[in-house]
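Have a look at upload.cif below; it lists mmCIF, C-alpha atoms and all ligand atoms.
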data_upload
loop_
_atom_site.group_PDB
_atom_site.id
_atom_site.type_symbol
_atom_site.label_atom_id
_atom_site.label_comp_id
_atom_site.auth_asym_id
_atom_site.auth_seq_id
_atom_site.Cartn_x
_atom_site.Cartn_y
_atom_site.Cartn_z
ATOM 1 C CA MET Z 16 -51.216 38.201 12.494
ATOM 2 C CA SER Z 17 -54.449 36.312 13.185
ATOM 3 C CA ASN Z 18 -57.326 36.683 10.740
ATOM 4 C CA VAL Z 19 -60.994 35.802 10.591
ATOM 5 C CA VAL Z 20 -63.173 36.472 7.546
ATOM 6 C CA LEU Z 21 -66.970 36.680 7.664
ATOM 7 C CA LYS Z 22 -69.478 37.137 4.856
ATOM 8 C CA LEU Z 23 -72.364 39.329 5.972
ATOM 9 C CA SER Z 24 -75.578 40.733 4.481
ATOM 10 C CA SER Z 25 -75.846 44.467 3.800
ATOM 11 C CA GLN Z 26 -78.270 44.695 6.720
ATOM 12 C CA GLU Z 27 -75.748 43.108 9.060
ATOM 13 C CA MET Z 28 -73.071 45.392 7.688
ATOM 14 C CA ARG Z 29 -75.174 48.446 8.545
ATOM 15 C CA LYS Z 30 -75.741 47.119 12.065
ATOM 16 C CA MET Z 31 -72.055 46.550 12.365
ATOM 17 C CA MET Z 32 -71.148 50.020 11.229
ATOM 18 C CA GLU Z 33 -73.504 51.447 13.848
ATOM 19 C CA TYR Z 34 -72.039 49.190 16.503
ATOM 20 C CA TYR Z 35 -68.509 50.365 15.788
ATOM 21 C CA GLN Z 36 -69.560 54.020 15.380
ATOM 22 C CA ASN Z 37 -67.172 55.175 18.093
ATOM 23 C CA ASN Z 38 -64.300 52.996 16.910
ATOM 24 C CA LEU Z 39 -64.201 54.038 13.258
ATOM 25 C CA THR Z 40 -60.700 54.874 12.094
ATOM 26 C CA GLY Z 41 -61.804 57.048 9.195
ATOM 27 C CA LYS Z 42 -59.231 55.263 7.063
ATOM 28 C CA THR Z 43 -60.827 53.005 4.474
ATOM 29 C CA PRO Z 44 -58.696 50.743 2.263
ATOM 30 C CA PRO Z 45 -59.409 50.284 -1.463
ATOM 31 C CA GLY Z 46 -62.711 48.454 -1.858
ATOM 32 C CA GLY Z 47 -63.503 49.048 1.793
ATOM 33 C CA LEU Z 48 -66.713 50.285 3.395
ATOM 34 C CA PHE Z 49 -65.342 51.187 6.803
ATOM 35 C CA SER Z 50 -62.558 50.329 9.153
ATOM 36 C CA ALA Z 51 -62.766 50.215 12.952
ATOM 37 C CA LYS Z 52 -60.353 49.475 15.726
ATOM 38 C CA THR Z 53 -60.929 47.980 19.180
ATOM 39 C CA PRO Z 54 -58.054 47.415 21.630
ATOM 40 C CA GLN Z 55 -57.591 43.788 20.471
ATOM 41 C CA CYS Z 56 -58.910 43.829 16.938
ATOM 42 C CA THR Z 57 -59.004 45.750 13.669
ATOM 43 C CA ILE Z 58 -62.211 45.324 11.689
ATOM 44 C CA THR Z 59 -62.287 46.073 7.980
ATOM 45 C CA ALA Z 60 -65.594 45.805 6.105
ATOM 46 C CA TYR Z 61 -65.512 45.537 2.317
ATOM 47 C CA LYS Z 62 -68.148 46.528 -0.205
ATOM 48 C CA SER Z 63 -68.180 42.882 -1.334
ATOM 49 C CA GLY Z 64 -69.860 41.950 1.979
ATOM 50 C CA LYS Z 65 -66.760 40.362 3.469
ATOM 51 C CA VAL Z 66 -65.461 41.535 6.820
ATOM 52 C CA LEU Z 67 -61.925 40.952 7.981
ATOM 53 C CA PHE Z 68 -61.044 40.757 11.693
ATOM 54 C CA GLN Z 69 -57.359 41.029 12.490
ATOM 55 C CA GLY Z 70 -55.430 40.904 15.729
ATOM 56 C CA SER Z 71 -55.223 38.838 18.894
ATOM 57 C CA GLY Z 72 -58.914 39.406 19.715
ATOM 58 C CA CYS Z 73 -60.174 38.608 16.229
ATOM 59 C CA ASN Z 74 -61.970 35.365 17.108
ATOM 60 C CA GLU Z 75 -63.856 36.888 19.999
ATOM 61 C CA GLU Z 76 -64.818 39.956 17.991
ATOM 62 C CA ALA Z 77 -65.917 37.926 14.946
ATOM 63 C CA ARG Z 78 -68.036 35.646 17.126
ATOM 64 C CA LYS Z 79 -70.306 38.625 17.848
ATOM 65 C CA TRP Z 80 -71.286 38.652 14.183
ATOM 66 C CA GLY Z 81 -71.583 35.093 13.033
ATOM 67 C CA SER Z 82 -70.681 31.496 13.609
ATOM 68 C CA ASP Z 83 -69.652 30.740 10.044
ATOM 69 C CA ALA Z 84 -66.277 32.279 10.693
ATOM 70 C CA VAL Z 85 -63.707 31.186 8.190
ATOM 71 C CA GLU Z 86 -60.817 29.491 9.949
ATOM 72 C CA LYS Z 87 -58.233 31.477 11.742
ATOM 73 C CA THR Z 88 -55.047 31.996 9.844
ATOM 74 C CA GLU Z 89 -51.650 33.531 10.247
ATOM 75 C CA THR Z 90 -50.563 36.028 7.652
ATOM 76 C CA LYS Z 91 -47.389 37.923 7.236
ATOM 77 C CA ALA Z 92 -47.531 41.265 5.513
ATOM 78 C CA LYS Z 93 -45.535 40.842 2.335
ATOM 79 C CA THR Z 94 -45.282 43.103 -0.628
ATOM 80 C CA PRO Z 95 -46.213 41.163 -3.742
ATOM 81 C CA ALA Z 96 -43.686 41.151 -6.567
ATOM 82 C CA THR Z 97 -44.466 43.680 -9.261
ATOM 83 C CA PRO Z 98 -46.097 41.763 -12.076
ATOM 84 C CA LYS Z 99 -44.584 41.874 -15.527
ATOM 85 C CA ILE Z 100 -47.368 42.038 -18.066
ATOM 86 C CA SER Z 101 -46.624 40.819 -21.553
ATOM 87 C CA ALA Z 102 -47.681 42.850 -24.571
ATOM 88 C CA SER Z 103 -50.314 40.317 -25.647
ATOM 89 C CA LEU Z 104 -52.342 40.847 -22.458
ATOM 90 C CA PRO Z 105 -54.697 43.771 -21.787
ATOM 91 C CA ASN Z 106 -52.541 46.126 -19.737
ATOM 92 C CA ASN Z 107 -55.213 46.423 -17.045
ATOM 93 C CA ILE Z 108 -55.623 42.646 -16.745
ATOM 94 C CA SER Z 109 -54.570 42.567 -13.065
ATOM 95 C CA SER Z 110 -57.553 44.686 -12.115
ATOM 96 C CA LEU Z 111 -60.222 42.897 -14.184
ATOM 97 C CA SER Z 112 -62.737 40.449 -12.701
ATOM 98 C CA ALA Z 113 -61.134 37.302 -14.041
ATOM 99 C CA ILE Z 114 -60.930 33.534 -14.008
ATOM 100 C CA GLY Z 115 -57.428 32.240 -13.364
ATOM 101 C CA SER Z 116 -56.369 28.678 -14.064
ATOM 102 C CA ASP Z 117 -53.340 26.666 -12.988
ATOM 103 C CA GLU Z 118 -52.218 23.071 -12.485
ATOM 104 C CA VAL Z 119 -50.064 21.194 -9.966
ATOM 105 C CA GLY Z 120 -48.332 17.823 -9.933
ATOM 106 C CA THR Z 121 -47.153 17.503 -13.521
ATOM 107 C CA GLY Z 122 -43.502 17.119 -12.497
ATOM 108 C CA ASP Z 123 -44.105 14.858 -9.508
ATOM 109 C CA PHE Z 124 -43.588 11.124 -9.995
ATOM 110 C CA PHE Z 125 -46.073 10.274 -7.253
ATOM 111 C CA GLY Z 126 -49.569 11.679 -7.115
ATOM 112 C CA PRO Z 127 -52.215 13.106 -9.433
ATOM 113 C CA ILE Z 128 -52.416 16.234 -11.556
ATOM 114 C CA THR Z 129 -54.766 18.789 -10.062
ATOM 115 C CA VAL Z 130 -56.145 21.692 -12.077
ATOM 116 C CA CYS Z 131 -58.128 24.564 -10.643
ATOM 117 C CA ALA Z 132 -59.927 27.499 -12.227
ATOM 118 C CA ALA Z 133 -60.948 30.229 -9.766
ATOM 119 C CA TYR Z 134 -62.903 33.437 -10.241
ATOM 120 C CA VAL Z 135 -61.843 36.640 -8.540
ATOM 121 C CA ARG Z 136 -64.047 39.696 -8.835
ATOM 122 C CA LYS Z 137 -62.494 43.142 -8.623
ATOM 123 C CA GLU Z 138 -64.237 43.816 -5.327
ATOM 124 C CA ASP Z 139 -62.746 40.704 -3.693
ATOM 125 C CA MET Z 140 -59.150 41.582 -4.503
ATOM 126 C CA PRO Z 141 -58.383 43.581 -1.341
ATOM 127 C CA LEU Z 142 -59.675 40.727 0.816
ATOM 128 C CA LEU Z 143 -57.635 38.124 -1.064
ATOM 129 C CA LYS Z 144 -54.522 40.176 -0.530
ATOM 130 C CA GLU Z 145 -55.333 40.487 3.161
ATOM 131 C CA ILE Z 146 -55.699 36.739 3.685
ATOM 132 C CA GLY Z 147 -52.336 36.257 2.061
ATOM 133 C CA VAL Z 148 -53.080 35.109 -1.493
ATOM 134 C CA GLN Z 149 -49.869 35.374 -3.497
ATOM 135 C CA ASP Z 150 -47.575 33.265 -5.617
ATOM 136 C CA SER Z 151 -47.816 29.795 -4.033
ATOM 137 C CA LYS Z 152 -44.130 29.215 -4.698
ATOM 138 C CA ASN Z 153 -43.453 31.641 -1.847
ATOM 139 C CA LEU Z 154 -45.756 29.763 0.539
ATOM 140 C CA THR Z 155 -45.243 26.633 2.636
ATOM 141 C CA ASP Z 156 -47.675 23.722 2.171
ATOM 142 C CA GLU Z 157 -49.041 24.436 5.624
ATOM 143 C CA LYS Z 158 -49.719 28.073 4.784
ATOM 144 C CA ILE Z 159 -51.241 27.069 1.435
ATOM 145 C CA SER Z 160 -53.625 24.742 3.211
ATOM 146 C CA THR Z 161 -54.751 27.490 5.626
ATOM 147 C CA ILE Z 162 -55.383 29.974 2.833
ATOM 148 C CA ALA Z 163 -57.044 27.380 0.566
ATOM 149 C CA LYS Z 164 -59.506 26.409 3.306
ATOM 150 C CA GLN Z 165 -60.568 30.049 3.534
ATOM 151 C CA LEU Z 166 -60.770 30.572 -0.220
ATOM 152 C CA ILE Z 167 -62.993 27.589 -0.969
ATOM 153 C CA LYS Z 168 -65.611 28.965 1.408
ATOM 154 C CA PHE Z 169 -66.379 32.023 -0.669
ATOM 155 C CA LEU Z 170 -64.535 31.934 -3.978
ATOM 156 C CA PRO Z 171 -66.245 30.428 -7.053
ATOM 157 C CA TYR Z 172 -63.916 27.704 -8.387
ATOM 158 C CA SER Z 173 -63.749 24.400 -10.196
ATOM 159 C CA LEU Z 174 -61.205 21.763 -9.228
ATOM 160 C CA LEU Z 175 -60.322 18.681 -11.258
ATOM 161 C CA VAL Z 176 -58.125 15.802 -10.139
ATOM 162 C CA LEU Z 177 -56.614 13.440 -12.705
ATOM 163 C CA HIS Z 178 -55.788 10.379 -10.624
ATOM 164 C CA ASN Z 179 -52.807 8.186 -11.439
ATOM 165 C CA VAL Z 180 -54.737 5.202 -12.821
ATOM 166 C CA LYS Z 181 -56.560 7.367 -15.363
ATOM 167 C CA TYR Z 182 -53.418 9.370 -16.108
ATOM 168 C CA ASN Z 183 -51.490 6.180 -16.895
ATOM 169 C CA LYS Z 184 -54.315 4.887 -19.079
ATOM 170 C CA LEU Z 185 -54.415 8.120 -21.106
ATOM 171 C CA GLN Z 186 -50.636 8.273 -21.324
ATOM 172 C CA SER Z 187 -50.259 4.698 -22.529
ATOM 173 C CA SER Z 188 -52.935 5.301 -25.150
ATOM 174 C CA GLY Z 189 -50.600 7.933 -26.578
ATOM 175 C CA MET Z 190 -51.889 11.158 -25.068
ATOM 176 C CA SER Z 191 -49.220 13.687 -24.141
ATOM 177 C CA GLN Z 192 -49.173 15.350 -20.723
ATOM 178 C CA GLY Z 193 -49.602 18.694 -22.505
ATOM 179 C CA LYS Z 194 -52.849 17.538 -24.050
ATOM 180 C CA MET Z 195 -54.116 16.224 -20.714
ATOM 181 C CA LYS Z 196 -53.410 19.610 -19.147
ATOM 182 C CA ALA Z 197 -55.151 21.491 -21.951
ATOM 183 C CA LEU Z 198 -58.237 19.262 -21.641
ATOM 184 C CA LEU Z 199 -58.318 19.740 -17.871
ATOM 185 C CA HIS Z 200 -57.935 23.530 -18.035
ATOM 186 C CA ASN Z 201 -60.635 23.790 -20.709
ATOM 187 C CA GLN Z 202 -62.959 21.606 -18.637
ATOM 188 C CA ALA Z 203 -62.346 23.419 -15.353
ATOM 189 C CA ILE Z 204 -62.940 26.777 -17.051
ATOM 190 C CA GLY Z 205 -66.148 25.413 -18.592
ATOM 191 C CA HIS Z 206 -67.472 24.198 -15.238
ATOM 192 C CA LEU Z 207 -66.703 27.513 -13.628
ATOM 193 C CA LEU Z 208 -68.318 29.534 -16.440
ATOM 194 C CA GLU Z 209 -71.459 27.446 -15.951
ATOM 195 C CA LYS Z 210 -71.428 28.155 -12.223
ATOM 196 C CA LEU Z 211 -71.020 31.888 -12.832
ATOM 197 C CA ALA Z 212 -73.595 32.314 -15.592
ATOM 198 C CA PRO Z 213 -75.132 34.744 -16.403
ATOM 199 C CA GLU Z 214 -72.174 36.653 -14.963
ATOM 200 C CA LYS Z 215 -69.234 36.611 -17.366
ATOM 201 C CA PRO Z 216 -65.616 37.196 -16.420
ATOM 202 C CA GLU Z 217 -63.836 40.068 -18.114
ATOM 203 C CA ALA Z 218 -60.838 37.849 -18.761
ATOM 204 C CA ILE Z 219 -59.661 34.259 -18.412
ATOM 205 C CA LEU Z 220 -55.963 33.893 -17.674
ATOM 206 C CA ILE Z 221 -54.239 30.521 -17.966
ATOM 207 C CA ASP Z 222 -50.817 29.985 -16.445
ATOM 208 C CA GLN Z 223 -49.046 29.153 -19.667
ATOM 209 C CA PHE Z 224 -47.598 25.667 -20.169
ATOM 210 C CA ALA Z 225 -47.715 25.594 -23.984
ATOM 211 C CA LYS Z 226 -47.839 28.132 -26.786
ATOM 212 C CA GLU Z 227 -51.341 29.428 -27.437
ATOM 213 C CA GLU Z 228 -51.650 27.709 -30.827
ATOM 214 C CA VAL Z 229 -50.437 24.425 -29.323
ATOM 215 C CA TYR Z 230 -52.967 24.717 -26.488
ATOM 216 C CA PHE Z 231 -55.828 25.125 -28.964
ATOM 217 C CA LYS Z 232 -54.466 22.358 -31.162
ATOM 218 C CA TYR Z 233 -54.656 20.021 -28.162
ATOM 219 C CA LEU Z 234 -58.311 20.986 -27.805
ATOM 220 C CA SER Z 235 -59.282 20.431 -31.424
ATOM 221 C CA GLY Z 236 -62.125 17.954 -31.635
ATOM 222 C CA GLN Z 237 -63.519 18.947 -28.231
ATOM 223 C CA LYS Z 238 -67.240 19.744 -28.143
ATOM 224 C CA VAL Z 239 -66.734 23.035 -26.354
ATOM 225 C CA ILE Z 240 -63.557 25.066 -26.591
ATOM 226 C CA HIS Z 241 -63.401 28.140 -24.372
ATOM 227 C CA LYS Z 242 -61.664 30.841 -26.357
ATOM 228 C CA GLU Z 243 -63.437 34.080 -25.574
ATOM 229 C CA ASN Z 244 -61.256 36.479 -23.568
ATOM 230 C CA VAL Z 245 -58.738 33.700 -22.913
ATOM 231 C CA TYR Z 246 -55.171 34.869 -22.315
ATOM 232 C CA PHE Z 247 -51.958 33.055 -21.561
ATOM 233 C CA SER Z 248 -48.939 34.091 -19.593
ATOM 234 C CA THR Z 249 -46.085 32.393 -17.836
ATOM 235 C CA LYS Z 250 -45.756 33.360 -14.165
ATOM 236 C CA ALA Z 251 -49.437 34.320 -14.290
ATOM 237 C CA GLU Z 252 -49.686 33.836 -10.520
ATOM 238 C CA GLY Z 253 -47.915 37.149 -10.211
ATOM 239 C CA ILE Z 254 -50.177 38.847 -12.751
ATOM 240 C CA HIS Z 255 -53.656 38.082 -11.463
ATOM 241 C CA LEU Z 256 -54.853 37.047 -8.009
ATOM 242 C CA ALA Z 257 -57.255 34.583 -9.646
ATOM 243 C CA VAL Z 258 -54.328 32.514 -10.910
ATOM 244 C CA ALA Z 259 -52.610 32.751 -7.518
ATOM 245 C CA ALA Z 260 -55.839 31.605 -5.817
ATOM 246 C CA ALA Z 261 -56.348 28.787 -8.348
ATOM 247 C CA SER Z 262 -52.803 27.649 -7.789
ATOM 248 C CA ILE Z 263 -53.249 27.630 -4.006
ATOM 249 C CA ILE Z 264 -56.445 25.550 -4.251
ATOM 250 C CA ALA Z 265 -54.852 23.130 -6.743
ATOM 251 C CA ARG Z 266 -51.753 22.763 -4.566
ATOM 252 C CA HIS Z 267 -53.854 22.146 -1.461
ATOM 253 C CA ALA Z 268 -55.799 19.399 -3.257
ATOM 254 C CA PHE Z 269 -52.546 17.874 -4.464
ATOM 255 C CA VAL Z 270 -51.059 17.853 -0.967
ATOM 256 C CA GLN Z 271 -54.226 16.322 0.469
ATOM 257 C CA HIS Z 272 -54.119 13.553 -2.093
ATOM 258 C CA PHE Z 273 -50.458 13.014 -1.387
ATOM 259 C CA GLU Z 274 -51.254 12.484 2.276
ATOM 260 C CA LYS Z 275 -53.806 9.857 1.296
ATOM 261 C CA LEU Z 276 -51.192 8.084 -0.804
ATOM 262 C CA SER Z 277 -48.712 8.145 2.084
ATOM 263 C CA LYS Z 278 -51.340 6.652 4.360
ATOM 264 C CA ALA Z 279 -52.107 3.898 1.878
ATOM 265 C CA ALA Z 280 -48.409 3.188 1.380
ATOM 266 C CA GLY Z 281 -47.748 3.132 5.111
ATOM 267 C CA PHE Z 282 -44.823 5.547 4.852
ATOM 268 C CA LYS Z 283 -44.227 9.134 3.832
ATOM 269 C CA ILE Z 284 -44.060 9.500 0.067
ATOM 270 C CA PRO Z 285 -41.698 12.183 -1.237
ATOM 271 C CA LYS Z 286 -42.599 14.854 -3.797
ATOM 272 C CA GLY Z 287 -40.706 15.694 -6.961
ATOM 273 C CA ALA Z 288 -38.875 13.345 -9.292
ATOM 274 C CA GLY Z 289 -35.439 13.096 -7.689
ATOM 275 C CA SER Z 290 -33.624 9.996 -6.436
ATOM 276 C CA GLN Z 291 -35.681 9.969 -3.229
ATOM 277 C CA VAL Z 292 -38.809 8.992 -5.198
ATOM 278 C CA ASP Z 293 -36.918 6.049 -6.776
ATOM 279 C CA VAL Z 294 -36.155 4.752 -3.295
ATOM 280 C CA ALA Z 295 -39.755 5.242 -2.174
ATOM 281 C CA ALA Z 296 -41.134 3.490 -5.265
ATOM 282 C CA ALA Z 297 -38.733 0.567 -4.780
ATOM 283 C CA ARG Z 298 -39.932 0.248 -1.191
ATOM 284 C CA LEU Z 299 -43.562 0.408 -2.298
ATOM 285 C CA ILE Z 300 -43.055 -2.364 -4.867
ATOM 286 C CA LYS Z 301 -41.218 -4.501 -2.341
ATOM 287 C CA GLU Z 302 -43.916 -4.102 0.305
ATOM 288 C CA LYS Z 303 -47.101 -4.032 -1.784
ATOM 289 C CA GLY Z 304 -46.190 -5.563 -5.116
ATOM 290 C CA LYS Z 305 -45.580 -4.091 -8.530
ATOM 291 C CA GLU Z 306 -49.277 -4.112 -9.398
ATOM 292 C CA VAL Z 307 -50.044 -1.235 -7.019
ATOM 293 C CA LEU Z 308 -47.652 1.133 -8.802
ATOM 294 C CA PRO Z 309 -50.120 2.490 -11.438
ATOM 295 C CA SER Z 310 -52.334 3.919 -8.709
ATOM 296 C CA TYR Z 311 -49.441 5.786 -7.095
ATOM 297 C CA VAL Z 312 -47.138 7.097 -9.809
ATOM 298 C CA LYS Z 313 -46.854 8.456 -13.335
ATOM 299 C CA LEU Z 314 -45.526 5.268 -14.877
ATOM 300 C CA HIS Z 315 -43.834 6.769 -17.937
ATOM 301 C CA PHE Z 316 -41.388 8.795 -15.804
ATOM 302 C CA ALA Z 317 -37.817 7.463 -15.879
ATOM 303 C CA ASN Z 318 -38.191 6.949 -12.122
ATOM 304 C CA THR Z 319 -40.123 3.700 -12.710
ATOM 305 C CA GLU Z 320 -37.125 2.101 -14.374
ATOM 306 C CA LYS Z 321 -34.768 3.502 -11.737
ATOM 307 C CA ALA Z 322 -36.904 2.018 -8.964
ATOM 308 C CA MET Z 323 -36.871 -1.369 -10.695
ATOM 309 C CA ASN Z 324 -33.083 -1.157 -10.937
ATOM 310 C CA LEU Z 325 -32.816 -0.403 -7.240
ATOM 311 C CA LEU Z 326 -34.945 -3.455 -6.482
ATOM 312 C CA ARG Z 327 -32.838 -5.697 -8.692
ATOM 313 C CA LYS Z 328 -29.672 -4.507 -7.001
ATOM 314 C CA SER Z 329 -31.076 -5.115 -3.531
ATOM 315 C CA LYS Z 330 -31.872 -8.754 -4.329
HETATM 316 MG MG MG Z 401 -48.569 26.642 -13.639
#

Mind converting the file's structure to structure tokens?
Ligand code: MG
Amino acid sequence: MSNVVLKLSSQEMRKMMEYYQNNLTGKTPPGGLFSAKTPQCTITAYKSGKVLFQGSGCNEEARKWGSDAVEKTETKAKTPATPKISASLPNNISSLSAIGSDEVGTGDFFGPITVCAAYVRKEDMPLLKEIGVQDSKNLTDEKISTIAKQLIKFLPYSLLVLHNVKYNKLQSSGMSQGKMKALLHNQAIGHLLEKLAPEKPEAILIDQFAKEEVYFKYLSGQKVIHKENVYFSTKAEGIHLAVAAASIIARHAFVQHFEKLSKAAGFKIPKGAGSQVDVAAARLIKEKGKEVLPSYVKLHFANTEKAMNLLRKSK
């Protein structure tokens, strides 16, 4: 289904409600203000000030109300998996206004690590569900990009990209990938808290990559360590929409960077760490020289050696 999202003032919302007086459905979803239906479009206004236009006439209908329409997207109605909430989390965590934090790219030989922290208020949850925010593992890169472009227009977030050159420098100085991730999450959360102040999230949920005590051990010595209301869970994308949204934004940034790398290389660079990346790295070295490798890959992966072996064999 086609979607357009607009953010409107309360005055505009009132005007809108009057305008659709004769089209009101009388059925209001959770968090909704009113819902109206025209022959080509369903309009749902939320208390958060966001208005969702759905259906084949959504663009035309939305154009009546503003030009800053968030891009059109295709969404499929899908029932989200029932989240499993671990005992150490507040049992209402899914419904709290929360920051979610996740990272992408740690297992990919090529490309950076991207970390995103995103803030989802209670009142924005229905809208996020409508535009298709869910576990990014169920979404194609194309779909992720469409949703991410919508999210970054209205969702408070902080995105960090650890490029390959810096990653390799940190790694060769002895820093573990786990520590890099912890530093990035802590920093992204800090930036976002600053953006939100004086508003404070009710919870901060990090998609868990290390035990809690290990995470905080990685952060020891940091000037600011964000600890208040911080929770950890694996599969956190399924527990809070903020983690799902953060993951989608981080993935989108990763894919965008990957496209840049492919452009610079002059051929399509594969994701992951399988044998296909060895072949691609060998080709890159052959065509551009070994010295370009640190700006493309995570050098300490076994793939570097495998690529060198491939090159030797081909000579
Ligand atoms: Mg994760």

Applying 10 Å and only C-alpha atoms, which residues near Gly64 (chain Z) remain after dropping the ones on its own chain fewer than 4 positions away? List them as a ChimeraX atom specification.
/Z:21-25,27-28,47-48,60,138-139

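Using the PyMOL selection byres (((chain Z and resi 67) around 7) and not hetatm) on the file at hand returns these residues: Z:Asn18, Z:Val19, Z:Val20, Z:Leu21, Z:Ile58, Z:Thr59, Z:Ala60, Z:Lys65, Z:Val66, Z:Phe68, Z:Gln69.
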
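Atom pair CA of Ala297 (chain Z) / CA of Lys328 (chain Z) has a distance of 10.6 Å (rounded to one decimal).
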
Nearest residue to Gly253 (chain Z) out of Z:Glu75, Z:Glu33, Z:Glu320, Z:Asp222, using all atoms listed in the file?
Z:Asp222

Determine, using only C-alpha atoms and all ligand atoms, which residues of chain Z have any atom at most 8 Å from an atom of ligand MG 401 (chain Z), and tabulate each with its shortest atom pair and distance in Å to one decimal place, rows ordered by chain and then rising number, as CSV.
residue,atom,partner,partner_atom,distance
Z:Asp117,CA,Z:MG401,MG,4.8
Z:Glu118,CA,Z:MG401,MG,5.2
Z:Val119,CA,Z:MG401,MG,6.7
Z:Asp222,CA,Z:MG401,MG,4.9
Z:Gln223,CA,Z:MG401,MG,6.5
Z:Phe224,CA,Z:MG401,MG,6.7
Z:Thr249,CA,Z:MG401,MG,7.5
Z:Lys250,CA,Z:MG401,MG,7.3
Z:Ala251,CA,Z:MG401,MG,7.8
Z:Glu252,CA,Z:MG401,MG,7.9
Z:Ser262,CA,Z:MG401,MG,7.3

Same residues, C-alpha atoms, saved as a JSON list (two decimals), in the frame of the given file:
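Saved result, part-v7.json, follows:
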[["chain", "number", "residue", "atom", "x", "y", "z"],
["Z", 117, "ASP", "CA", -53.34, 26.67, -12.99],
["Z", 118, "GLU", "CA", -52.22, 23.07, -12.48],
["Z", 119, "VAL", "CA", -50.06, 21.19, -9.97],
["Z", 222, "ASP", "CA", -50.82, 29.98, -16.44],
["Z", 223, "GLN", "CA", -49.05, 29.15, -19.67],
["Z", 224, "PHE", "CA", -47.60, 25.67, -20.17],
["Z", 249, "THR", "CA", -46.08, 32.39, -17.84],
["Z", 250, "LYS", "CA", -45.76, 33.36, -14.16],
["Z", 251, "ALA", "CA", -49.44, 34.32, -14.29],
["Z", 252, "GLU", "CA", -49.69, 33.84, -10.52],
["Z", 262, "SER", "CA", -52.80, 27.65, -7.79]]

CA of Ala288 (chain Z) and CA of His178 (chain Z), how far apart in Å?
17.2 Å

At a cut-off of 12 Å from (-42.6, -1.6, -0.9) in the coordinates of the file, what residues are picked up using all atoms listed in the file, written as a PyMOL selection string?
chain Z and resi 277+279-284+293-308+311+322-323+325-326

Save the residues we just selected, C-alpha atoms, as a compact mmCIF listing (two decimals), in the frame of the given file?
# COMPACT_ATOMS: atom_id res chain seq x y z
CA SER Z 277 -48.71 8.14 2.08
CA ALA Z 279 -52.11 3.90 1.88
CA ALA Z 280 -48.41 3.19 1.38
CA GLY Z 281 -47.75 3.13 5.11
CA PHE Z 282 -44.82 5.55 4.85
CA LYS Z 283 -44.23 9.13 3.83
CA ILE Z 284 -44.06 9.50 0.07
CA ASP Z 293 -36.92 6.05 -6.78
CA VAL Z 294 -36.16 4.75 -3.30
CA ALA Z 295 -39.76 5.24 -2.17
CA ALA Z 296 -41.13 3.49 -5.26
CA ALA Z 297 -38.73 0.57 -4.78
CA ARG Z 298 -39.93 0.25 -1.19
CA LEU Z 299 -43.56 0.41 -2.30
CA ILE Z 300 -43.06 -2.36 -4.87
CA LYS Z 301 -41.22 -4.50 -2.34
CA GLU Z 302 -43.92 -4.10 0.30
CA LYS Z 303 -47.10 -4.03 -1.78
CA GLY Z 304 -46.19 -5.56 -5.12
CA LYS Z 305 -45.58 -4.09 -8.53
CA GLU Z 306 -49.28 -4.11 -9.40
CA VAL Z 307 -50.04 -1.24 -7.02
CA LEU Z 308 -47.65 1.13 -8.80
CA TYR Z 311 -49.44 5.79 -7.10
CA ALA Z 322 -36.90 2.02 -8.96
CA MET Z 323 -36.87 -1.37 -10.70
CA LEU Z 325 -32.82 -0.40 -7.24
CA LEU Z 326 -34.94 -3.46 -6.48

Evaluate the PyMOL selection byres (((chain Z and resi 148) around 8) and not hetatm) on the structure here and hand back the selected residues as a PyMOL selection string.
chain Z and resi 143-147+149-151+162+256+259-260+263

Decode the PyMOL selection byres (((chain Z and resi 232-244) around 6) and not hetatm) for the given file into explicit residues and return them as number ranges by chain.
Z: 194, 218-219, 229-231, 245

Box centre and edge lengths (Å, one decimal), axis-aligned, region 22-33 of chain Z plus 3 Å each side, as lines of an AutoDock Vina configuration file:
center_x = -73.9
center_y = 44.3
center_z = 8.8
size_x = 14.8
size_y = 20.3
size_z = 16.0

Å distance separating CA of Tyr172 (chain Z) from CA of Ser191 (chain Z), one decimal place:
25.7 Å
